[in-house]
file final26.cif (mmCIF, C-alpha atoms)
data_upload
#
loop_
_atom_site.label_atom_id
_atom_site.label_comp_id
_atom_site.auth_asym_id
_atom_site.auth_seq_id
_atom_site.Cartn_x
_atom_site.Cartn_y
_atom_site.Cartn_z
CA MET A 1 0.00 0.00 0.00
CA THR A 2 1.50 3.33 -1.02
CA ASP A 3 1.89 5.83 1.75
CA VAL A 4 1.33 9.45 0.81
CA THR A 5 3.83 11.74 2.37
CA ALA A 6 3.63 15.46 2.73
CA VAL A 7 4.19 17.38 -0.50
CA PRO A 8 5.41 20.92 0.07
CA VAL A 9 3.36 23.58 -1.70
CA ALA A 10 6.43 24.65 -3.65
CA ALA A 11 6.82 21.15 -5.04
CA VAL A 12 3.28 20.71 -6.25
CA SER A 13 3.09 24.19 -7.72
CA VAL A 14 5.54 23.30 -10.49
CA ALA A 15 3.03 20.82 -11.94
CA ALA A 16 1.04 21.68 -15.04
CA VAL A 17 -1.96 22.65 -12.94
CA PRO A 18 -0.99 25.11 -10.22
CA ALA A 19 -1.72 24.18 -6.63
CA PRO A 20 -4.39 26.21 -4.84
CA ARG A 21 -3.07 29.12 -2.84
CA VAL A 22 -4.38 28.10 0.54
CA ALA A 23 -3.73 29.54 3.97
CA PRO A 24 -0.17 28.94 5.18
CA PHE A 25 -1.28 26.78 8.08
CA ILE A 26 -2.74 24.25 5.64
CA GLN A 27 -0.24 21.90 4.06
CA LEU A 28 -1.34 20.51 0.73
CA LEU A 29 -1.11 16.77 0.23
CA GLY A 30 -1.74 14.55 -2.75
CA GLN A 31 -1.39 15.47 -6.40
CA SER A 32 -2.29 18.74 -8.04
CA GLY A 33 -4.60 18.74 -11.02
CA ALA A 34 -7.31 16.42 -9.67
CA GLY A 35 -10.83 17.12 -10.90
CA SER A 36 -12.44 20.09 -9.20
CA CYS A 37 -14.85 22.93 -9.87
CA GLU A 38 -13.89 26.56 -9.57
CA GLY A 39 -16.49 29.23 -10.12
CA ASP A 40 -18.89 27.78 -12.67
CA SER A 41 -16.04 26.02 -14.42
CA CYS A 42 -15.36 22.39 -13.62
CA GLY A 43 -12.34 21.73 -15.77
CA ILE A 44 -14.24 18.93 -17.38
CA MET B 1 -4.51 5.34 20.91
CA SER B 2 -5.21 8.13 18.45
CA GLU B 3 -8.30 10.23 18.49
CA THR B 4 -10.89 10.58 15.77
CA ILE B 5 -9.60 12.42 12.69
CA LYS B 6 -11.86 15.32 11.76
CA VAL B 7 -12.33 15.97 8.05
CA ASP B 8 -13.99 19.17 6.90
CA ILE B 9 -15.17 19.06 3.30
CA TRP B 10 -16.16 22.09 1.25
CA SER B 11 -18.49 21.10 -1.56
CA ASP B 12 -21.38 22.22 -3.72
CA VAL B 13 -24.45 20.19 -4.60
CA GLN B 14 -24.12 20.79 -8.34
CA CYS B 15 -20.38 20.09 -8.53
CA PRO B 16 -19.78 16.87 -10.49
CA TRP B 17 -16.32 16.39 -9.01
CA CYS B 18 -17.71 16.75 -5.49
CA TYR B 19 -19.83 13.62 -5.83
CA ILE B 20 -16.96 11.74 -7.48
CA GLY B 21 -14.63 13.06 -4.75
CA LYS B 22 -17.08 11.94 -2.08
CA ARG B 23 -16.92 8.37 -3.37
CA LYS B 24 -13.13 8.48 -3.63
CA PHE B 25 -12.81 9.92 -0.12
CA GLU B 26 -15.12 7.23 1.25
CA ALA B 27 -12.97 4.60 -0.43
CA GLY B 28 -9.87 6.19 1.09
CA ALA B 29 -11.42 6.35 4.54
CA ALA B 30 -12.24 2.64 4.24
CA LEU B 31 -8.53 1.95 3.72
CA PHE B 32 -7.67 3.88 6.88
CA ASP B 33 -7.41 2.07 10.18
CA GLY B 34 -8.95 4.66 12.47
CA ASP B 35 -12.02 6.71 13.20
CA VAL B 36 -13.01 9.57 10.91
CA GLU B 37 -15.57 12.28 11.53
CA VAL B 38 -16.80 14.13 8.44
CA GLU B 39 -18.46 17.52 8.32
CA TYR B 40 -19.61 19.08 5.07
CA HIS B 41 -19.38 22.81 4.49
CA SER B 42 -21.11 25.02 1.98
CA PHE B 43 -19.49 26.38 -1.15
CA GLU B 44 -21.50 28.17 -3.82
CA LEU B 45 -19.93 27.77 -7.24
CA ALA B 46 -22.48 29.93 -9.06
CA PRO B 47 -24.49 31.95 -6.53
CA ASP B 48 -26.07 34.12 -9.22
CA THR B 49 -27.74 31.18 -10.98
CA PRO B 50 -31.54 31.55 -11.00
CA VAL B 51 -33.54 28.93 -9.11
CA ASP B 52 -35.42 28.04 -12.28
CA PHE B 53 -32.85 28.25 -15.05
CA ALA B 54 -34.69 27.71 -18.30
CA GLY B 55 -32.44 25.26 -20.07
CA SER B 56 -30.17 22.28 -19.75
CA PRO B 57 -26.69 22.18 -18.23
CA ILE B 58 -25.40 22.26 -21.81
CA ASP B 59 -27.35 25.48 -22.44
CA TYR B 60 -26.10 26.89 -19.15
CA LEU B 61 -22.44 26.16 -19.79
CA SER B 62 -22.49 27.20 -23.44
CA GLU B 63 -24.36 30.45 -22.78
CA ARG B 64 -22.51 31.35 -19.62
CA LYS B 65 -19.01 30.32 -20.56
CA GLY B 66 -19.29 30.77 -24.30
CA ILE B 67 -18.10 27.22 -24.87
CA PRO B 68 -19.35 25.61 -28.09
CA VAL B 69 -22.20 23.16 -27.50
CA ALA B 70 -20.21 20.30 -29.03
CA GLN B 71 -17.36 20.92 -26.61
CA VAL B 72 -19.69 21.12 -23.60
CA THR B 73 -21.31 17.87 -24.67
CA GLU B 74 -17.92 16.22 -24.90
CA MET B 75 -16.90 17.57 -21.48
CA LEU B 76 -20.07 16.30 -19.81
CA ALA B 77 -19.61 12.91 -21.45
CA ARG B 78 -16.11 12.74 -20.03
CA VAL B 79 -17.10 13.56 -16.45
CA THR B 80 -20.06 11.18 -16.77
CA GLY B 81 -17.62 8.44 -17.70
CA ILE B 82 -15.39 9.21 -14.71
CA ALA B 83 -18.46 9.20 -12.45
CA GLU B 84 -19.40 5.81 -13.87
CA SER B 85 -15.97 4.51 -12.91
CA VAL B 86 -16.79 5.12 -9.24
CA GLY B 87 -20.29 3.68 -9.51
CA LEU B 88 -22.25 6.90 -10.08
CA HIS B 89 -24.70 6.99 -12.98
CA TYR B 90 -24.89 10.68 -13.91
CA ASP B 91 -27.83 11.61 -16.12
CA TYR B 92 -27.16 15.09 -17.48
CA ASP B 93 -30.23 14.91 -19.72
CA SER B 94 -32.43 15.14 -16.63
CA VAL B 95 -30.39 17.58 -14.53
CA HIS B 96 -32.15 20.78 -13.38
CA GLN B 97 -29.61 23.59 -13.29
CA THR B 98 -30.47 25.77 -10.30
CA ASN B 99 -29.26 27.93 -7.42
CA THR B 100 -28.01 25.76 -4.54
CA VAL B 101 -28.08 28.17 -1.61
CA ILE B 102 -31.27 26.71 -0.10
CA SER B 103 -29.95 23.18 -0.50
CA HIS B 104 -26.97 24.30 1.57
CA GLU B 105 -29.37 25.68 4.17
CA LEU B 106 -30.99 22.25 4.21
CA LEU B 107 -27.60 20.63 4.78
CA HIS B 108 -27.13 22.82 7.84
CA TYR B 109 -30.62 21.97 9.03
CA ALA B 110 -29.79 18.29 8.61
CA LYS B 111 -26.52 18.76 10.50
CA ALA B 112 -28.42 20.31 13.39
CA HIS B 113 -30.60 17.19 13.39
CA GLY B 114 -27.71 14.73 13.12
CA ARG B 115 -28.42 13.74 9.51
CA GLN B 116 -26.02 15.80 7.41
CA LEU B 117 -24.19 12.93 5.73
CA ASP B 118 -27.43 11.26 4.65
CA MET B 119 -28.78 14.57 3.38
CA LYS B 120 -25.60 15.30 1.43
CA GLU B 121 -25.74 11.94 -0.31
CA ARG B 122 -29.46 12.35 -1.04
CA LEU B 123 -28.98 15.82 -2.54
CA LEU B 124 -26.10 14.80 -4.78
CA LYS B 125 -27.95 11.75 -6.03
CA ALA B 126 -31.10 13.79 -6.52
CA TYR B 127 -29.27 16.30 -8.69
CA PHE B 128 -26.93 14.12 -10.75
CA VAL B 129 -28.75 10.80 -10.94
CA ASP B 130 -32.45 11.23 -10.25
CA GLY B 131 -33.18 14.45 -12.13
CA ARG B 132 -34.77 16.04 -9.07
CA HIS B 133 -34.89 19.78 -8.46
CA VAL B 134 -32.62 20.89 -5.60
CA GLY B 135 -33.35 24.61 -5.63
CA ARG B 136 -36.97 24.89 -4.50
CA ILE B 137 -38.10 24.61 -0.90
CA GLU B 138 -40.95 22.19 -1.58
CA ASP B 139 -38.74 19.84 -3.62
CA LEU B 140 -35.99 20.01 -0.99
CA ALA B 141 -38.52 19.25 1.74
CA ASP B 142 -39.57 16.13 -0.18
CA LEU B 143 -35.95 14.99 -0.28
CA ALA B 144 -35.52 15.74 3.42
CA ALA B 145 -38.63 13.71 4.24
CA GLU B 146 -37.20 10.80 2.26
CA ILE B 147 -34.35 10.52 4.77
CA GLY B 148 -36.71 10.85 7.70
CA LEU B 149 -36.60 14.54 8.51
CA ASP B 150 -39.79 16.37 9.48
CA ARG B 151 -41.05 17.78 6.18
CA ALA B 152 -43.18 20.53 7.68
CA ASP B 153 -40.39 21.69 9.95
CA VAL B 154 -37.96 21.70 7.02
CA VAL B 155 -40.35 23.93 5.03
CA ARG B 156 -40.65 26.25 8.02
CA ALA B 157 -36.89 26.49 8.57
CA LEU B 158 -36.04 26.95 4.90
CA THR B 159 -38.77 29.55 4.39
CA ALA B 160 -37.43 31.51 7.37
CA HIS B 161 -33.84 31.00 6.09
CA GLU B 162 -32.84 29.97 9.59
CA TYR B 163 -29.55 28.52 8.38
CA LEU B 164 -28.55 31.08 5.76
CA ALA B 165 -26.03 32.69 8.13
CA ASP B 166 -24.37 29.27 8.58
CA VAL B 167 -24.04 28.90 4.82
CA LYS B 168 -22.43 32.31 4.54
CA ALA B 169 -20.12 31.51 7.46
CA ASP B 170 -18.92 28.40 5.62
CA VAL B 171 -18.27 30.43 2.49
CA ALA B 172 -16.35 33.00 4.55
CA GLN B 173 -14.29 30.23 6.15
CA ALA B 174 -13.47 28.86 2.70
CA ASN B 175 -12.27 32.31 1.68
CA ALA B 176 -10.16 32.55 4.83
CA TYR B 177 -8.54 29.21 3.98
CA GLY B 178 -7.93 30.37 0.40
CA ILE B 179 -10.18 27.66 -1.02
CA GLN B 180 -11.05 28.55 -4.60
CA GLY B 181 -12.36 25.27 -5.90
CA VAL B 182 -14.24 22.23 -4.65
CA PRO B 183 -14.23 19.58 -3.44
CA PHE B 184 -11.65 20.64 -0.87
CA PHE B 185 -10.80 18.49 2.12
CA VAL B 186 -9.19 19.84 5.31
CA ILE B 187 -7.89 17.00 7.45
CA ASP B 188 -7.40 17.54 11.15
CA GLY B 189 -7.35 21.29 10.55
CA LYS B 190 -3.95 21.29 8.91
CA TYR B 191 -3.70 19.12 5.80
CA GLY B 192 -5.49 20.11 2.61
CA ILE B 193 -6.45 17.96 -0.34
CA SER B 194 -7.85 19.67 -3.41
CA GLY B 195 -10.07 17.88 -5.88
CA ALA B 196 -11.36 14.38 -6.46
CA GLN B 197 -8.08 12.59 -5.77
CA ASP B 198 -7.54 8.88 -5.66
CA PRO B 199 -8.51 6.98 -2.49
CA GLU B 200 -4.87 6.38 -1.56
CA ALA B 201 -4.27 10.13 -1.33
CA PHE B 202 -7.04 10.43 1.25
CA ALA B 203 -5.93 7.33 3.13
CA GLY B 204 -2.38 8.64 3.22
CA ALA B 205 -3.42 12.01 4.54
CA LEU B 206 -5.53 10.37 7.25
CA ARG B 207 -2.57 8.19 8.25
CA GLN B 208 -0.33 11.22 8.39
CA ALA B 209 -2.79 13.07 10.63
CA GLN B 210 -3.02 9.97 12.83
CA ALA B 211 0.77 9.74 13.04
CA ASP B 212 0.91 13.39 14.08
CA GLN B 213 -1.63 12.77 16.82
CA ASN B 214 0.31 9.77 18.09
CA GLU B 215 3.54 11.75 18.06
CA THR B 216 1.94 14.59 19.99
CA ALA B 217 0.49 12.15 22.52
CA ALA B 218 3.86 10.40 22.96
CA ALA B 219 5.61 13.74 23.47
CA GLY B 220 3.07 14.63 26.14
CA GLU B 221 3.63 11.34 27.99
CA ASN B 222 7.42 11.87 27.98
CA ARG B 223 7.23 15.28 29.60
#

call {"tool": "encode", "arguments": {"input": "final26.cif", "output": "structure tokens"}}
result
Amino acid sequence: MTDVTAVPVAAVSVAAVPAPRVAPFIQLLGQSGAGSCEGDSCGI
Amino acid sequence: MSETIKVDIWSDVQCPWCYIGKRKFEAGAALFDGDVEVEYHSFELAPDTPVDFAGSPIDYLSERKGIPVAQVTEMLARVTGIAESVGLHYDYDSVHQTNTVISHELLHYAKAHGRQLDMKERLLKAYFVDGRHVGRIEDLADLAAEIGLDRADVVRALTAHEYLADVKADVAQANAYGIQGVPFFVIDGKYGISGAQDPEAFAGALRQAQADQNETAAAGENR
């Protein structure tokens, strides 16, 4: 089973889809670019 | 022994990735050896949408975003296929595009009555699968009654907008966190996961939060 370790914001932001700019006390995990909706656009 | 991991999820009822993300999160939580408490929070993707939009989601997206109909059709087919891969049978031909603010009020009503998770699932299924309207009070009350809530009391609370301030507070909290898109998962108040990620991503984040709790507890015992 793959363990997901912390991914610093700086690391994920170099991906094709930029990481969200969240509050500094929240550390982003996982991959950037997963399906999500922003405004009335869902990147679908 | 670690404590329950709290997961706060920002989501909208008419967000296709939110329902897909819900399934993927649930699969991830099932891989996690620990207790998880989930609380849904309101996020309005298109707060200026009329309750009774006269048209299909294809009309809505093509008119609003200026995307050619053929491209919208292709996009919806793609997300429908991804939904199918997690066991969700989206039916965009029957979807009623609407304003979701009152459905969010209903989710807060349900939370106050200990039924938020059931209500969330019912609303998402109603919108994407069943072709039900999730913008009108009477239709929402029907859905609430289907999960056992008091229909008349739901109509009363939604008509009085008793939970509108809670919806707005959730939206303000999302802004404070810098959340711009949904679904967005905040795990134990410090780890964020954006989008409908794979189950392992959620399981891994839950394990990390659990490890942090255990580390903190061990440090406390050694003092």

call {"tool": "resolve_selection", "arguments": {"input": "final26.cif", "expression": "the PyMOL selection byres ((chain A and resi 22) around 8)", "output": "compact mmCIF listing (two decimals) with C-alpha atoms, in the coordinates of the input"}}
result
# COMPACT_ATOMS: atom_id res chain seq x y z
CA PRO A 20 -4.39 26.21 -4.84
CA ARG A 21 -3.07 29.12 -2.84
CA ALA A 23 -3.73 29.54 3.97
CA PRO A 24 -0.17 28.94 5.18
CA ILE A 26 -2.74 24.25 5.64
CA TYR B 177 -8.54 29.21 3.98
CA GLY B 178 -7.93 30.37 0.40
CA ILE B 179 -10.18 27.66 -1.02

call {"tool": "residues_around", "arguments": {"input": "final26.cif", "residues": "B:Leu149", "least_positions_apart": "4", "cutoff": "9 Å", "atoms": "all atoms listed in the file", "output": "tab-separated table (two decimals) with C-alpha atoms, in the frame of the given file"}}
result
chain	number	residue	atom	x	y	z
B	110	ALA	CA	-29.79	18.29	8.61
B	113	HIS	CA	-30.60	17.19	13.39
B	115	ARG	CA	-28.42	13.74	9.51
B	141	ALA	CA	-38.52	19.25	1.74
B	143	LEU	CA	-35.95	14.99	-0.28
B	144	ALA	CA	-35.52	15.74	3.42
B	145	ALA	CA	-38.63	13.71	4.24
B	153	ASP	CA	-40.39	21.69	9.95
B	154	VAL	CA	-37.96	21.70	7.02

call {"tool": "resolve_selection", "arguments": {"input": "final26.cif", "expression": "the PyMOL selection byres ((chain B) within 6 of (chain A))", "output": "PyMOL selection string"}}
result
chain B and resi 17+45-46+75+177-178+181-182+190-193+195-197+201+204

call {"tool": "resolve_selection", "arguments": {"input": "final26.cif", "expression": "the PyMOL selection byres ((chain B and resi 129-133) around 12)", "output": "PyMOL selection string"}}
result
chain B and resi 13-14+16+19+51-53+56-57+80+83-84+87-100+102-103+121-128+134-143

call {"tool": "write_last_selection", "arguments": {"input": "final26.cif", "atoms": "C-alpha atoms", "output": "mmCIF file, in the frame of the given file"}}
result
data_model
loop_
_atom_site.group_PDB
_atom_site.id
_atom_site.type_symbol
_atom_site.label_atom_id
_atom_site.label_comp_id
_atom_site.auth_asym_id
_atom_site.auth_seq_id
_atom_site.Cartn_x
_atom_site.Cartn_y
_atom_site.Cartn_z
ATOM 1 C CA VAL B 13 -24.450 20.190 -4.600
ATOM 2 C CA GLN B 14 -24.120 20.790 -8.340
ATOM 3 C CA PRO B 16 -19.780 16.870 -10.490
ATOM 4 C CA TYR B 19 -19.830 13.620 -5.830
ATOM 5 C CA VAL B 51 -33.540 28.930 -9.110
ATOM 6 C CA ASP B 52 -35.420 28.040 -12.280
ATOM 7 C CA PHE B 53 -32.850 28.250 -15.050
ATOM 8 C CA SER B 56 -30.170 22.280 -19.750
ATOM 9 C CA PRO B 57 -26.690 22.180 -18.230
ATOM 10 C CA THR B 80 -20.060 11.180 -16.770
ATOM 11 C CA ALA B 83 -18.460 9.200 -12.450
ATOM 12 C CA GLU B 84 -19.400 5.810 -13.870
ATOM 13 C CA GLY B 87 -20.290 3.680 -9.510
ATOM 14 C CA LEU B 88 -22.250 6.900 -10.080
ATOM 15 C CA HIS B 89 -24.700 6.990 -12.980
ATOM 16 C CA TYR B 90 -24.890 10.680 -13.910
ATOM 17 C CA ASP B 91 -27.830 11.610 -16.120
ATOM 18 C CA TYR B 92 -27.160 15.090 -17.480
ATOM 19 C CA ASP B 93 -30.230 14.910 -19.720
ATOM 20 C CA SER B 94 -32.430 15.140 -16.630
ATOM 21 C CA VAL B 95 -30.390 17.580 -14.530
ATOM 22 C CA HIS B 96 -32.150 20.780 -13.380
ATOM 23 C CA GLN B 97 -29.610 23.590 -13.290
ATOM 24 C CA THR B 98 -30.470 25.770 -10.300
ATOM 25 C CA ASN B 99 -29.260 27.930 -7.420
ATOM 26 C CA THR B 100 -28.010 25.760 -4.540
ATOM 27 C CA ILE B 102 -31.270 26.710 -0.100
ATOM 28 C CA SER B 103 -29.950 23.180 -0.500
ATOM 29 C CA GLU B 121 -25.740 11.940 -0.310
ATOM 30 C CA ARG B 122 -29.460 12.350 -1.040
ATOM 31 C CA LEU B 123 -28.980 15.820 -2.540
ATOM 32 C CA LEU B 124 -26.100 14.800 -4.780
ATOM 33 C CA LYS B 125 -27.950 11.750 -6.030
ATOM 34 C CA ALA B 126 -31.100 13.790 -6.520
ATOM 35 C CA TYR B 127 -29.270 16.300 -8.690
ATOM 36 C CA PHE B 128 -26.930 14.120 -10.750
ATOM 37 C CA VAL B 134 -32.620 20.890 -5.600
ATOM 38 C CA GLY B 135 -33.350 24.610 -5.630
ATOM 39 C CA ARG B 136 -36.970 24.890 -4.500
ATOM 40 C CA ILE B 137 -38.100 24.610 -0.900
ATOM 41 C CA GLU B 138 -40.950 22.190 -1.580
ATOM 42 C CA ASP B 139 -38.740 19.840 -3.620
ATOM 43 C CA LEU B 140 -35.990 20.010 -0.990
ATOM 44 C CA ALA B 141 -38.520 19.250 1.740
ATOM 45 C CA ASP B 142 -39.570 16.130 -0.180
ATOM 46 C CA LEU B 143 -35.950 14.990 -0.280
#

call {"tool": "closest_residue", "arguments": {"input": "final26.cif", "among": "B:Phe185, B:Tyr109, B:Phe32, B:Phe25", "to": "B:Ala211", "atoms": "all atoms listed in the file"}}
result
B:Phe32

call {"tool": "atom_distance", "arguments": {"input": "final26.cif", "atom1": "atom CA of B:Val155", "atom2": "atom CA of B:His41"}}
result
21.0 Å

call {"tool": "atom_distance", "arguments": {"input": "final26.cif", "atom1": "atom CA of B:Val69", "atom2": "atom CA of B:Phe43"}}
result
26.7 Å

call {"tool": "atom_distance", "arguments": {"input": "final26.cif", "atom1": "atom CA of B:Tyr40", "atom2": "atom CA of B:Leu76"}}
result
25.0 Å

call {"tool": "closest_residue", "arguments": {"input": "final26.cif", "among": "B:Arg156, B:Arg78, B:Lys22, B:Arg64", "to": "B:Leu106", "atoms": "only C-alpha atoms"}}
result
B:Arg156

call {"tool": "closest_residue", "arguments": {"input": "final26.cif", "among": "B:Ile20, B:Leu31, B:Ala54, B:Ile67", "to": "B:Ser85", "atoms": "all atoms listed in the file"}}
result
B:Ile20

call {"tool": "residues_around", "arguments": {"input": "final26.cif", "residues": "stretch 212-214 of chain B", "least_positions_apart": "2", "cutoff": "8 Å", "atoms": "all atoms listed in the file", "output": "NGL selection string"}}
result
:B and (1-3 or 208-210 or 216-218)

call {"tool": "build_atoms", "arguments": {"input": "final26.cif", "residues": "stretch 115-136 of chain B", "atoms": "N, CA, C and O atoms", "output": "short mmCIF file (atom, residue, chain, number, x, y, z; two decimals), in the frame of the given file"}}
result
data_model
loop_
_atom_site.label_atom_id
_atom_site.label_comp_id
_atom_site.auth_asym_id
_atom_site.auth_seq_id
_atom_site.Cartn_x
_atom_site.Cartn_y
_atom_site.Cartn_z
N ARG B 115 -28.23 14.52 10.73
CA ARG B 115 -28.42 13.74 9.51
C ARG B 115 -27.69 14.34 8.30
O ARG B 115 -28.10 14.12 7.16
N GLN B 116 -26.63 15.08 8.54
CA GLN B 116 -26.02 15.80 7.41
C GLN B 116 -25.47 14.87 6.34
O GLN B 116 -25.62 15.13 5.14
N LEU B 117 -24.80 13.80 6.73
CA LEU B 117 -24.19 12.93 5.73
C LEU B 117 -25.24 12.27 4.84
O LEU B 117 -25.07 12.17 3.62
N ASP B 118 -26.34 11.85 5.45
CA ASP B 118 -27.43 11.26 4.65
C ASP B 118 -28.03 12.30 3.71
O ASP B 118 -28.38 11.99 2.56
N MET B 119 -28.18 13.52 4.21
CA MET B 119 -28.78 14.57 3.38
C MET B 119 -27.87 14.93 2.22
O MET B 119 -28.34 15.15 1.09
N LYS B 120 -26.56 14.97 2.50
CA LYS B 120 -25.60 15.30 1.43
C LYS B 120 -25.69 14.26 0.31
O LYS B 120 -25.75 14.61 -0.87
N GLU B 121 -25.68 13.01 0.69
CA GLU B 121 -25.74 11.94 -0.31
C GLU B 121 -27.06 12.03 -1.09
O GLU B 121 -27.07 11.90 -2.32
N ARG B 122 -28.16 12.29 -0.37
CA ARG B 122 -29.46 12.35 -1.04
C ARG B 122 -29.52 13.50 -2.04
O ARG B 122 -30.10 13.38 -3.13
N LEU B 123 -28.95 14.65 -1.66
CA LEU B 123 -28.98 15.82 -2.54
C LEU B 123 -28.14 15.60 -3.80
O LEU B 123 -28.55 15.95 -4.91
N LEU B 124 -26.96 15.04 -3.62
CA LEU B 124 -26.10 14.80 -4.78
C LEU B 124 -26.74 13.80 -5.74
O LEU B 124 -26.74 14.00 -6.96
N LYS B 125 -27.29 12.76 -5.18
CA LYS B 125 -27.95 11.75 -6.03
C LYS B 125 -29.18 12.35 -6.71
O LYS B 125 -29.44 12.11 -7.89
N ALA B 126 -29.90 13.16 -5.96
CA ALA B 126 -31.10 13.79 -6.52
C ALA B 126 -30.74 14.64 -7.73
O ALA B 126 -31.43 14.61 -8.76
N TYR B 127 -29.66 15.38 -7.62
CA TYR B 127 -29.27 16.30 -8.69
C TYR B 127 -28.66 15.56 -9.89
O TYR B 127 -29.09 15.78 -11.03
N PHE B 128 -27.70 14.70 -9.64
CA PHE B 128 -26.93 14.12 -10.75
C PHE B 128 -27.54 12.84 -11.33
O PHE B 128 -27.28 12.50 -12.48
N VAL B 129 -28.27 12.12 -10.51
CA VAL B 129 -28.75 10.80 -10.94
C VAL B 129 -30.25 10.78 -11.17
O VAL B 129 -30.74 10.24 -12.16
N ASP B 130 -30.99 11.38 -10.24
CA ASP B 130 -32.45 11.23 -10.25
C ASP B 130 -33.20 12.33 -11.00
O ASP B 130 -34.42 12.25 -11.14
N GLY B 131 -32.51 13.37 -11.42
CA GLY B 131 -33.18 14.45 -12.13
C GLY B 131 -34.16 15.24 -11.27
O GLY B 131 -35.13 15.80 -11.77
N ARG B 132 -33.90 15.29 -9.99
CA ARG B 132 -34.77 16.04 -9.07
C ARG B 132 -34.30 17.48 -8.97
O ARG B 132 -33.13 17.79 -9.19
N HIS B 133 -35.21 18.36 -8.62
CA HIS B 133 -34.89 19.78 -8.46
C HIS B 133 -34.36 20.01 -7.05
O HIS B 133 -35.00 19.61 -6.08
N VAL B 134 -33.21 20.67 -6.93
CA VAL B 134 -32.62 20.89 -5.60
C VAL B 134 -32.53 22.38 -5.26
O VAL B 134 -31.72 22.79 -4.44
N GLY B 135 -33.39 23.17 -5.90
CA GLY B 135 -33.35 24.61 -5.63
C GLY B 135 -34.61 25.16 -4.98
O GLY B 135 -34.59 26.26 -4.43
N ARG B 136 -35.69 24.41 -5.05
CA ARG B 136 -36.97 24.89 -4.50
C ARG B 136 -37.25 24.27 -3.14
O ARG B 136 -36.97 23.09 -2.92
#
